[in-house]
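Shown below: input.tsv, with TSV, C-alpha atoms.
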```
chain	number	residue	atom	x	y	z
M	54	MET	CA	0.00	0.00	0.00
M	55	TYR	CA	1.02	3.59	-0.58
M	56	TYR	CA	0.37	6.65	1.57
M	57	LYS	CA	0.53	10.29	0.54
M	58	ILE	CA	1.87	12.49	3.34
M	59	GLU	CA	1.50	16.26	3.34
M	60	TYR	CA	4.19	18.16	5.24
M	61	LEU	CA	5.55	21.66	5.72
M	62	LYS	CA	9.14	22.62	4.93
M	63	ALA	CA	10.61	26.15	4.70
M	64	GLY	CA	7.14	27.64	4.63
M	65	LYS	CA	6.07	25.48	1.67
M	66	THR	CA	3.53	22.67	1.58
M	67	LYS	CA	5.05	19.54	0.05
M	68	TYR	CA	4.02	15.92	-0.51
M	69	VAL	CA	5.75	12.55	-0.44
M	70	VAL	CA	4.46	9.07	-1.29
M	71	ILE	CA	5.64	6.27	1.02
M	72	LYS	CA	5.13	2.53	0.61
M	73	ALA	CA	4.02	0.84	3.85
M	74	ASP	CA	1.70	-1.85	5.21
M	75	SER	CA	-0.14	0.54	7.52
M	76	VAL	CA	-0.57	4.19	8.42
M	77	ARG	CA	1.59	3.69	11.51
M	78	GLU	CA	4.46	2.23	9.48
M	79	ALA	CA	4.18	5.06	6.93
M	80	LEU	CA	4.43	7.67	9.69
M	81	VAL	CA	7.47	5.92	11.19
M	82	LYS	CA	9.23	5.94	7.81
M	83	PHE	CA	8.30	9.60	7.31
M	84	ARG	CA	9.79	10.61	10.68
M	85	LYS	CA	13.00	8.72	9.92
M	86	ARG	CA	13.45	10.73	6.72
M	87	ARG	CA	13.11	14.04	8.61
M	88	LEU	CA	11.54	15.78	5.63
M	89	GLY	CA	9.58	18.41	7.54
M	90	VAL	CA	6.60	19.05	9.80
M	91	PHE	CA	3.81	16.48	9.35
M	92	ARG	CA	0.38	17.86	8.37
M	93	ASN	CA	-1.80	15.12	6.90
M	94	ILE	CA	-1.76	11.53	5.61
M	95	GLU	CA	-4.09	9.66	3.25
M	96	GLU	CA	-4.08	6.37	1.37
M	97	PHE	CA	-2.73	6.78	-2.13
M	98	HIS	CA	-3.20	4.67	-5.23
M	99	LYS	CA	0.08	4.65	-7.11
M	100	PRO	CA	-0.72	4.23	-10.82
M	101	SER	CA	0.97	1.48	-12.80
M	102	LEU	CA	3.03	2.14	-15.94
M	103	LYS	CA	0.03	1.14	-18.07
M	104	GLU	CA	-2.23	3.59	-16.23
M	105	LYS	CA	0.35	6.38	-16.56
M	106	LEU	CA	0.65	5.82	-20.31
M	107	SER	CA	-3.15	5.82	-20.61
M	108	ASP	CA	-3.27	9.14	-18.76
M	109	LEU	CA	-0.59	10.58	-21.03
M	110	LEU	CA	-2.45	9.64	-24.19
M	111	ALA	CA	-5.91	10.59	-22.88
M	112	PHE	CA	-7.30	14.03	-23.58
M	113	LYS	CA	-8.12	15.37	-20.13
M	114	LYS	CA	-9.17	18.88	-21.07
M	115	ILE	CA	-12.67	19.77	-22.17
M	116	ASN	CA	-13.68	22.20	-24.92
M	117	LEU	CA	-12.77	25.54	-23.32
M	118	GLU	CA	-14.96	27.59	-25.65
M	119	GLU	CA	-18.07	25.60	-24.77
M	120	TYR	CA	-17.14	25.61	-21.07
M	121	VAL	CA	-17.03	29.41	-21.15
M	122	ALA	CA	-20.46	29.44	-22.81
M	123	VAL	CA	-21.75	27.14	-20.03
M	124	LEU	CA	-20.40	29.51	-17.37
M	125	GLU	CA	-22.05	32.50	-19.04
M	126	GLN	CA	-25.39	30.67	-19.07
M	127	MET	CA	-24.89	29.67	-15.44
M	128	TYR	CA	-24.35	33.31	-14.46
M	129	VAL	CA	-27.54	34.48	-16.18
M	130	MET	CA	-29.68	31.73	-14.64
M	131	LEU	CA	-28.13	31.97	-11.15
M	132	ASN	CA	-28.54	35.74	-11.24
M	133	ALA	CA	-32.22	35.16	-11.99
M	134	GLY	CA	-32.54	33.19	-8.74
M	135	LEU	CA	-32.69	29.61	-10.03
M	136	ALA	CA	-31.30	26.73	-7.93
M	137	ILE	CA	-27.87	25.44	-8.98
M	138	ASP	CA	-29.04	21.85	-9.65
M	139	LEU	CA	-31.85	23.10	-11.87
M	140	VAL	CA	-29.44	25.43	-13.68
M	141	LEU	CA	-26.95	22.65	-14.45
M	142	GLU	CA	-29.70	20.21	-15.43
M	143	ASN	CA	-31.09	22.66	-18.01
M	144	ILE	CA	-27.67	23.64	-19.37
M	145	ALA	CA	-26.63	19.99	-19.83
M	146	LEU	CA	-29.43	19.50	-22.37
M	147	TYR	CA	-27.71	21.81	-24.88
M	148	ILE	CA	-24.03	20.88	-24.39
M	149	LYS	CA	-22.43	19.33	-27.51
M	150	ASP	CA	-19.07	18.30	-26.02
M	151	ARG	CA	-19.65	14.75	-24.70
M	152	LYS	CA	-16.97	14.94	-22.00
M	153	LEU	CA	-18.26	18.26	-20.68
M	154	LYS	CA	-21.87	17.07	-20.79
M	155	LYS	CA	-20.96	13.95	-18.80
M	156	ILE	CA	-19.14	16.07	-16.20
M	157	ILE	CA	-22.04	18.54	-15.81
M	158	LEU	CA	-24.57	15.70	-15.42
M	159	SER	CA	-22.34	14.01	-12.82
M	160	ILE	CA	-22.01	17.28	-10.88
M	161	THR	CA	-25.79	17.74	-11.03
M	162	ASN	CA	-26.40	14.25	-9.61
M	163	ASP	CA	-23.88	14.84	-6.80
M	164	ILE	CA	-25.56	18.12	-5.84
M	165	LYS	CA	-28.96	16.41	-5.76
M	166	ALA	CA	-27.40	13.74	-3.52
M	167	GLY	CA	-26.46	16.43	-0.99
M	168	PHE	CA	-22.89	17.36	-1.99
M	169	SER	CA	-21.82	20.98	-2.27
M	170	LEU	CA	-20.92	22.38	-5.70
M	171	THR	CA	-17.26	22.60	-4.68
M	172	ASN	CA	-17.11	18.95	-3.62
M	173	ALA	CA	-18.91	17.84	-6.76
M	174	VAL	CA	-16.55	19.80	-9.03
M	175	SER	CA	-13.38	18.75	-7.15
M	176	LYS	CA	-13.51	15.29	-8.77
M	177	TYR	CA	-12.86	16.92	-12.15
M	178	GLU	CA	-9.86	19.09	-11.29
M	179	LYS	CA	-7.84	17.76	-14.26
M	180	GLU	CA	-10.62	18.51	-16.73
M	181	LEU	CA	-11.93	21.83	-15.37
M	182	GLY	CA	-8.80	23.13	-13.65
M	183	ILE	CA	-8.02	24.26	-10.12
M	184	LEU	CA	-9.15	27.78	-11.00
M	185	SER	CA	-12.74	26.60	-11.49
M	186	ILE	CA	-12.79	24.82	-8.14
M	187	ALA	CA	-11.39	27.90	-6.36
M	188	MET	CA	-13.96	30.26	-7.88
M	189	PHE	CA	-16.87	27.92	-7.10
M	190	ARG	CA	-15.59	27.62	-3.52
M	191	LEU	CA	-15.34	31.42	-3.29
M	192	GLY	CA	-18.91	31.79	-4.55
M	193	GLU	CA	-20.28	29.30	-2.03
M	194	GLU	CA	-18.34	30.78	0.90
M	195	THR	CA	-19.39	34.37	0.11
M	196	GLY	CA	-22.95	33.48	-0.89
M	197	ASP	CA	-22.46	35.19	-4.26
M	198	LEU	CA	-22.06	32.24	-6.62
M	199	SER	CA	-23.41	34.07	-9.67
M	200	ASN	CA	-20.68	36.75	-9.60
M	201	ALA	CA	-17.99	34.16	-8.90
M	202	VAL	CA	-19.12	32.26	-12.00
M	203	LYS	CA	-19.13	35.54	-13.96
M	204	ASP	CA	-15.53	36.30	-12.89
M	205	LEU	CA	-14.46	32.77	-13.83
M	206	SER	CA	-15.99	33.13	-17.30
M	207	ILE	CA	-14.18	36.47	-17.80
M	208	ILE	CA	-10.82	34.96	-16.82
M	209	LEU	CA	-11.25	31.91	-19.06
M	210	SER	CA	-12.53	34.08	-21.94
M	211	GLU	CA	-9.31	36.09	-21.80
M	212	ILE	CA	-7.21	32.92	-21.85
M	213	LEU	CA	-9.29	31.58	-24.76
M	214	GLU	CA	-8.87	34.81	-26.74
M	215	ASN	CA	-5.08	34.67	-26.35
M	216	ARG	CA	-5.09	31.09	-27.65
M	217	ARG	CA	-7.14	32.15	-30.66
M	218	LEU	CA	-4.71	34.94	-31.46
M	219	LEU	CA	-1.76	32.53	-31.31
M	220	LYS	CA	-3.49	29.97	-33.56
M	221	LYS	CA	-4.39	32.67	-36.07
M	222	ALA	CA	-0.85	34.07	-36.11
M	223	THR	CA	0.81	30.66	-36.59
M	224	ARG	CA	-1.60	29.46	-39.28
M	225	TYR	CA	0.44	30.82	-42.21
M	226	PRO	CA	3.89	29.64	-41.02
M	227	THR	CA	2.43	26.22	-40.19
M	228	PHE	CA	0.90	25.95	-43.67
M	229	ILE	CA	4.24	26.84	-45.30
M	230	ILE	CA	6.15	24.28	-43.23
M	231	ILE	CA	3.63	21.51	-43.98
M	232	ALA	CA	3.68	22.41	-47.70
M	233	MET	CA	7.49	22.20	-47.73
M	234	MET	CA	7.43	18.80	-46.01
M	235	VAL	CA	4.87	17.46	-48.49
M	236	ALA	CA	6.81	18.88	-51.46
M	237	PHE	CA	10.07	17.40	-50.19
M	238	THR	CA	8.47	13.97	-49.69
M	239	VAL	CA	6.93	14.03	-53.20
M	240	VAL	CA	10.27	15.00	-54.76
M	241	ILE	CA	12.18	12.31	-52.89
M	242	LEU	CA	9.68	9.54	-53.66
M	243	PHE	CA	8.61	10.38	-57.22
M	244	VAL	CA	11.13	12.76	-58.83
M	245	ILE	CA	14.49	11.40	-57.65
M	246	PRO	CA	13.99	7.68	-58.60
M	247	PRO	CA	13.88	8.27	-62.42
M	248	PHE	CA	17.05	10.35	-62.22
M	249	LYS	CA	18.62	7.70	-59.99
M	250	SER	CA	18.25	4.98	-62.65
M	251	MET	CA	19.59	7.32	-65.30
M	252	PHE	CA	22.65	8.23	-63.23
M	253	GLU	CA	23.34	4.55	-62.44
M	254	GLN	CA	23.33	3.68	-66.15
M	255	GLN	CA	26.04	6.25	-66.81
M	256	ASN	CA	28.24	4.75	-64.08
M	257	MET	CA	29.57	8.18	-63.13
M	258	GLN	CA	30.82	9.73	-59.89
M	259	LEU	CA	27.88	11.66	-58.48
M	260	PRO	CA	28.32	15.02	-56.72
M	261	LEU	CA	27.73	15.33	-52.97
M	262	PRO	CA	24.23	16.99	-53.19
M	263	THR	CA	22.99	14.17	-55.45
M	264	ARG	CA	24.39	11.48	-53.17
M	265	PHE	CA	22.70	13.19	-50.22
M	266	LEU	CA	19.31	13.15	-51.98
M	267	LEU	CA	19.75	9.50	-52.97
M	268	LEU	CA	20.67	8.62	-49.39
M	269	ILE	CA	17.46	10.27	-48.13
M	270	ASP	CA	15.46	8.41	-50.80
M	271	ALA	CA	16.99	5.05	-49.79
M	272	THR	CA	16.45	5.76	-46.08
M	273	ILE	CA	12.78	6.62	-46.56
M	274	ARG	CA	12.12	3.59	-48.76
M	275	GLU	CA	13.97	1.02	-46.66
M	276	TYR	CA	13.66	2.39	-43.13
M	277	GLY	CA	10.66	4.74	-43.36
M	278	ALA	CA	8.45	2.62	-41.11
M	279	VAL	CA	11.29	2.15	-38.60
M	280	VAL	CA	11.99	5.90	-38.50
M	281	VAL	CA	8.30	6.76	-38.01
M	282	GLY	CA	7.81	4.03	-35.40
M	283	GLY	CA	11.03	4.95	-33.61
M	284	GLY	CA	10.07	8.59	-33.63
M	285	PHE	CA	6.68	7.78	-32.12
M	286	ILE	CA	8.22	5.58	-29.41
M	287	LEU	CA	10.80	8.27	-28.64
M	288	PHE	CA	8.00	10.83	-28.36
M	289	ILE	CA	6.10	8.61	-25.89
M	290	ILE	CA	9.26	8.07	-23.81
M	291	ILE	CA	10.03	11.79	-23.68
M	292	LEU	CA	6.41	12.56	-22.83
M	293	TYR	CA	6.44	9.95	-20.07
M	294	LEU	CA	9.69	11.26	-18.60
M	295	TYR	CA	8.36	14.81	-18.87
M	296	GLU	CA	5.29	13.90	-16.84
M	297	THR	CA	7.01	11.69	-14.27
M	298	ASN	CA	10.56	13.04	-13.84
M	299	GLU	CA	10.85	16.52	-12.36
M	300	LYS	CA	14.47	17.02	-13.46
M	301	ILE	CA	13.68	16.13	-17.08
M	302	ARG	CA	10.63	18.38	-17.05
M	303	LEU	CA	12.62	21.26	-15.58
M	304	LEU	CA	15.34	20.84	-18.21
M	305	LEU	CA	12.89	20.67	-21.12
M	306	ASP	CA	10.78	23.59	-19.86
M	307	ARG	CA	13.90	25.71	-19.45
M	308	THR	CA	15.11	24.74	-22.94
M	309	ILE	CA	11.75	25.61	-24.52
M	310	LEU	CA	12.00	29.15	-23.15
M	311	LYS	CA	15.28	29.62	-25.07
M	312	ILE	CA	13.80	28.76	-28.47
M	313	TYR	CA	13.62	31.72	-30.85
M	314	ILE	CA	10.20	33.47	-30.72
M	315	ILE	CA	8.45	30.39	-29.25
M	316	GLY	CA	10.17	30.82	-25.89
M	317	GLU	CA	9.27	34.50	-25.67
M	318	VAL	CA	5.64	33.82	-26.63
M	319	ILE	CA	5.33	31.13	-23.95
M	320	LYS	CA	6.98	33.32	-21.32
M	321	LEU	CA	4.77	36.35	-22.03
M	322	ALA	CA	1.64	34.20	-22.19
M	323	LEU	CA	2.25	32.37	-18.89
M	324	ILE	CA	3.49	35.38	-16.91
M	325	GLY	CA	0.68	37.54	-18.28
M	326	ARG	CA	-1.88	34.84	-17.45
M	327	PHE	CA	-0.48	34.50	-13.91
M	328	VAL	CA	-0.64	38.24	-13.22
M	329	TYR	CA	-4.12	38.51	-14.75
M	330	VAL	CA	-5.56	35.64	-12.70
M	331	PHE	CA	-3.76	36.82	-9.55
M	332	GLU	CA	-5.29	40.28	-9.95
M	333	ARG	CA	-8.80	38.97	-10.66
M	334	LEU	CA	-8.70	36.62	-7.66
M	335	LEU	CA	-7.55	39.41	-5.32
M	336	ALA	CA	-10.31	41.62	-6.69
M	337	SER	CA	-12.80	38.81	-5.97
M	338	GLY	CA	-11.84	38.81	-2.30
M	339	ILE	CA	-9.50	35.81	-2.07
M	340	SER	CA	-6.55	36.14	0.32
M	341	VAL	CA	-3.12	36.93	-1.15
M	342	VAL	CA	-1.59	33.52	-0.41
M	343	ASP	CA	-4.61	31.58	-1.71
M	344	ALA	CA	-4.81	33.81	-4.78
M	345	PHE	CA	-1.14	33.15	-5.50
M	346	ASP	CA	-1.49	29.36	-5.04
M	347	ILE	CA	-4.40	29.26	-7.50
M	348	ALA	CA	-2.76	31.58	-10.04
M	349	ILE	CA	0.57	29.72	-9.98
M	350	ALA	CA	-1.23	26.40	-10.56
M	351	ILE	CA	-2.19	27.48	-14.09
M	352	VAL	CA	1.48	28.14	-15.02
M	353	ASP	CA	2.41	25.04	-17.03
M	354	ASN	CA	6.15	25.71	-17.33
M	355	LEU	CA	7.98	24.18	-14.33
M	356	TYR	CA	11.03	26.46	-14.69
M	357	LEU	CA	8.86	29.57	-14.52
M	358	LYS	CA	6.74	28.09	-11.73
M	359	LYS	CA	9.77	27.33	-9.52
M	360	ASN	CA	11.12	30.83	-9.96
M	361	MET	CA	7.74	32.41	-9.30
M	362	GLN	CA	7.39	30.42	-6.06
M	363	LYS	CA	9.81	32.99	-4.63
M	364	ILE	CA	6.87	35.39	-4.58
M	365	ARG	CA	5.02	33.10	-2.16
M	366	VAL	CA	8.07	32.73	0.06
M	367	SER	CA	8.41	36.51	0.20
M	368	ILE	CA	4.71	36.91	1.06
M	369	THR	CA	4.71	34.29	3.84
M	370	THR	CA	7.98	35.57	5.37
M	371	GLY	CA	6.83	39.19	5.39
M	372	GLY	CA	9.02	40.41	2.54
M	373	GLY	CA	6.12	41.65	0.48
M	374	ILE	CA	4.85	40.96	-3.02
M	375	ALA	CA	7.17	43.42	-4.79
M	376	THR	CA	10.25	41.82	-3.20
M	377	GLY	CA	9.06	38.43	-4.40
M	378	PHE	CA	8.55	39.73	-7.94
M	379	GLU	CA	12.08	41.13	-7.88
M	380	ASP	CA	13.59	37.89	-6.52
M	381	THR	CA	12.25	35.86	-9.46
M	382	LYS	CA	14.42	37.80	-11.97
M	383	LEU	CA	11.55	37.36	-14.44
M	384	PHE	CA	10.08	40.83	-14.23
M	385	GLU	CA	11.47	44.13	-15.50
M	386	PRO	CA	12.50	46.75	-12.91
M	387	MET	CA	9.59	48.91	-14.10
M	388	ILE	CA	7.12	46.14	-13.23
M	389	VAL	CA	8.68	45.61	-9.79
M	390	GLN	CA	8.47	49.34	-9.11
M	391	MET	CA	4.80	49.41	-10.14
M	392	ILE	CA	4.00	46.53	-7.76
M	393	LYS	CA	5.95	48.23	-4.97
M	394	THR	CA	4.07	51.49	-5.51
M	395	GLY	CA	0.76	49.61	-5.47
M	396	GLU	CA	1.63	47.86	-2.20
M	397	GLU	CA	2.71	51.06	-0.48
M	398	SER	CA	-0.27	53.11	-1.66
M	399	GLY	CA	-2.91	50.42	-1.07
M	400	ALA	CA	-3.67	50.24	-4.80
M	401	LEU	CA	-2.13	46.80	-5.45
M	402	ILE	CA	-5.09	45.49	-7.46
M	403	GLU	CA	-5.07	48.55	-9.75
M	404	MET	CA	-1.33	48.19	-10.33
M	405	LEU	CA	-1.63	44.47	-11.02
M	406	ASN	CA	-4.32	45.30	-13.54
M	407	LYS	CA	-1.92	47.69	-15.31
M	408	VAL	CA	0.86	45.08	-15.23
M	409	SER	CA	-1.56	42.53	-16.68
M	410	ASN	CA	-2.50	44.91	-19.50
M	411	TYR	CA	1.20	45.56	-20.15
M	412	TYR	CA	1.95	41.87	-20.62
M	413	LEU	CA	-1.22	41.37	-22.65
M	414	THR	CA	-0.18	44.17	-25.00
M	415	LYS	CA	3.35	42.77	-25.36
M	416	TYR	CA	1.98	39.28	-25.99
M	417	ARG	CA	-0.46	40.44	-28.64
M	418	ASP	CA	2.15	42.62	-30.37
M	419	LEU	CA	4.57	39.69	-30.53
M	420	VAL	CA	1.90	37.24	-31.71
M	421	SER	CA	0.63	39.62	-34.40
M	422	ASN	CA	4.20	39.92	-35.75
M	423	ILE	CA	5.07	36.21	-35.64
M	424	SER	CA	4.65	35.82	-39.40
M	425	THR	CA	6.96	38.78	-40.04
M	426	LEU	CA	9.60	37.48	-37.59
M	427	ILE	CA	9.53	33.93	-38.95
M	428	GLU	CA	9.37	34.96	-42.62
M	429	PRO	CA	13.19	35.31	-43.07
M	430	ILE	CA	13.68	31.81	-41.64
M	431	LEU	CA	11.00	30.39	-43.95
M	432	ILE	CA	12.55	32.14	-46.98
M	433	MET	CA	15.99	30.74	-46.12
M	434	ALA	CA	14.50	27.26	-45.64
M	435	ILE	CA	12.70	27.40	-49.00
M	436	ALA	CA	15.83	28.74	-50.71
M	437	GLY	CA	17.93	25.95	-49.18
M	438	PHE	CA	15.35	23.36	-50.25
M	439	VAL	CA	15.27	24.60	-53.85
M	440	LEU	CA	19.06	24.97	-54.00
M	441	MET	CA	19.63	21.42	-52.73
M	442	LEU	CA	17.22	19.98	-55.31
M	443	ALA	CA	18.70	22.06	-58.10
M	444	LEU	CA	22.27	21.07	-57.28
M	445	GLY	CA	21.33	17.46	-56.67
M	446	ILE	CA	19.59	17.06	-60.03
M	447	PHE	CA	21.26	19.51	-62.38
M	448	LEU	CA	24.94	19.04	-61.40
M	449	PRO	CA	25.11	15.41	-62.61
M	450	MET	CA	23.08	16.36	-65.70
M	451	TRP	CA	25.68	18.99	-66.58
M	452	ASP	CA	28.41	16.39	-66.05
M	453	MET	CA	26.55	14.02	-68.37
M	454	THR	CA	26.27	16.77	-70.98
M	455	LYS	CA	30.03	17.41	-70.81
M	456	LEU	CA	30.75	13.71	-71.20
M	457	ALA	CA	28.43	13.52	-74.21
M	458	GLN	CA	30.15	16.51	-75.84
M	459	GLN	CA	33.59	15.00	-75.22
M	460	GLY	CA	32.45	11.74	-76.69
```
Encoding of this model in structure tokens:
Amino acid sequence: MYYKIEYLKAGKTKYVVIKADSVREALVKFRKRRLGVFRNIEEFHKPSLKEKLSDLLAFKKINLEEYVAVLEQMYVMLNAGLAIDLVLENIALYIKDRKLKKIILSITNDIKAGFSLTNAVSKYEKELGILSIAMFRLGEETGDLSNAVKDLSIILSEILENRRLLKKATRYPTFIIIAMMVAFTVVILFVIPPFKSMFEQQNMQLPLPTRFLLLIDATIREYGAVVVGGGFILFIIILYLYETNEKIRLLLDRTILKIYIIGEVIKLALIGRFVYVFERLLASGISVVDAFDIAIAIVDNLYLKKNMQKIRVSITTGGGIATGFEDTKLFEPMIVQMIKTGEESGALIEMLNKVSNYYLTKYRDLVSNISTLIEPILIMAIAGFVLMLALGIFLPMWDMTKLAQQG
């Protein structure tokens, strides 16, 4: 059996999974390790390799656009005074996404069975996100569920809009890259072979570009299935290590942030999203520490998340939010100064709103110019592709022409 133990170390809540035959034995092993101050223990089901792979390949997330539409309908109906179970039951009739519909119906049944909305939603943290659970809990605790749902829909709408902008901006470069890959495959499989037989008949020394093209052709024909299968297996292994090994995930997340354009887009998107959600949660009445814990949970990049945890340490040790922002080394001095001014003047939420708008503007400016920034790279790639084909095909043909003239 496995037990999950929650403990406190250096002001941070951490978890460890220990294998033991009983709770008593698990606690003894925990004390021997001297990890920190014990807080809680619960039985834990440790998933097998097969279950982990199934989780990796399963699509946990629901359709965000339809979820936002559901939240907007919930706000209208709750604001009209309808009971939450009746609201969800009516909304479920018109949901198209099967996964989301199943979740809403399950939540409705749990509420009718006497569970609170928060407890009913908590089972679907992976699908709906920790942000949803936090906002529903806030609404129930304050007695203003309708406005909590409204705030949640606004936050998720902003995230959805940023995703749409990124997809729209990358549509053209993606199309060009796919077109080049298709063109290259067609040339290798259908254009090169006729020239190959002609060159072999002449029994001549082929130039390097031609030999390179013929090597690619032979590799695709003889080992194509092995390359594709190996690539897929390698992808699964990397994905598995990324999800299960913190060091690998930290390394890959840090590397991604260094990639030209892509890294900057990810950094601006995640930091901007964190600040935006942090500001909205504070404005909704959630405490600073809880607001930070919820906001940081939606930051997917582990490298950024670890650095941004310094903000929490600063808050819990009395250093202040601005000091934490400065300690991360992720924010410009201007941003740190704005946060500091907001803290000192009691206008922190207003300053966070301005910081959020600043990052949103930078993100949208970068995304709108992605095509322009990538265009030189695409032009060079196309030029290299055409040049390689031209040299690979025409150089031996010129040599054949010279031989014919000499003969």
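The closest residue to Lys149 in chain M, picked from M:Ala122, M:Val352, M:Ala173, M:Leu191 and counting all atoms listed in the file, is M:Ala122.
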Tell me which protein, DNA and RNA residues are within 12 Å of Ile207 in chain M, counting all atoms listed in the file, leaving out same-chain ones fewer than 4 positions away, and put them as an mmCIF file with C-alpha atoms, keeping the file's coordinate frame.
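The resulting file, around_26.cif, is reproduced below:
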```cif
data_model
loop_
_atom_site.group_PDB
_atom_site.id
_atom_site.type_symbol
_atom_site.label_atom_id
_atom_site.label_comp_id
_atom_site.auth_asym_id
_atom_site.auth_seq_id
_atom_site.Cartn_x
_atom_site.Cartn_y
_atom_site.Cartn_z
ATOM 1 C CA GLU M 118 -14.960 27.590 -25.650
ATOM 2 C CA TYR M 120 -17.140 25.610 -21.070
ATOM 3 C CA VAL M 121 -17.030 29.410 -21.150
ATOM 4 C CA ALA M 122 -20.460 29.440 -22.810
ATOM 5 C CA LEU M 124 -20.400 29.510 -17.370
ATOM 6 C CA GLU M 125 -22.050 32.500 -19.040
ATOM 7 C CA TYR M 128 -24.350 33.310 -14.460
ATOM 8 C CA SER M 185 -12.740 26.600 -11.490
ATOM 9 C CA MET M 188 -13.960 30.260 -7.880
ATOM 10 C CA ASN M 200 -20.680 36.750 -9.600
ATOM 11 C CA ALA M 201 -17.990 34.160 -8.900
ATOM 12 C CA VAL M 202 -19.120 32.260 -12.000
ATOM 13 C CA LYS M 203 -19.130 35.540 -13.960
ATOM 14 C CA GLU M 211 -9.310 36.090 -21.800
ATOM 15 C CA ILE M 212 -7.210 32.920 -21.850
ATOM 16 C CA LEU M 213 -9.290 31.580 -24.760
ATOM 17 C CA GLU M 214 -8.870 34.810 -26.740
ATOM 18 C CA TYR M 329 -4.120 38.510 -14.750
ATOM 19 C CA VAL M 330 -5.560 35.640 -12.700
ATOM 20 C CA ARG M 333 -8.800 38.970 -10.660
ATOM 21 C CA LEU M 334 -8.700 36.620 -7.660
#
```
Please provide the set of residues having any atom within 8 Å of range 152-160 of chain M, restricted to all atoms listed in the file, with same-chain residues fewer than 3 positions apart removed, written as a list in words.
Ile115, Asn116, Tyr120, Leu141, Glu142, Ala145, Ile148, Lys149, Asp163, Ile164, Leu170, Ala173, Val174 and Tyr177 of chain M
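Here CA of Asn215 in chain M and CA of Ile312 in chain M stand 19.9 Å from one another.
For the residues M:Ala350, M:Ile388, M:Ile208, M:Ile430, ranking by smallest atom-to-atom distance to Leu405 in chain M using all atoms listed in the file places M:Ile388 first.
Picture a line from CA of Gly372 in chain M to CA of Glu396 in chain M; it runs 11.5 Å.
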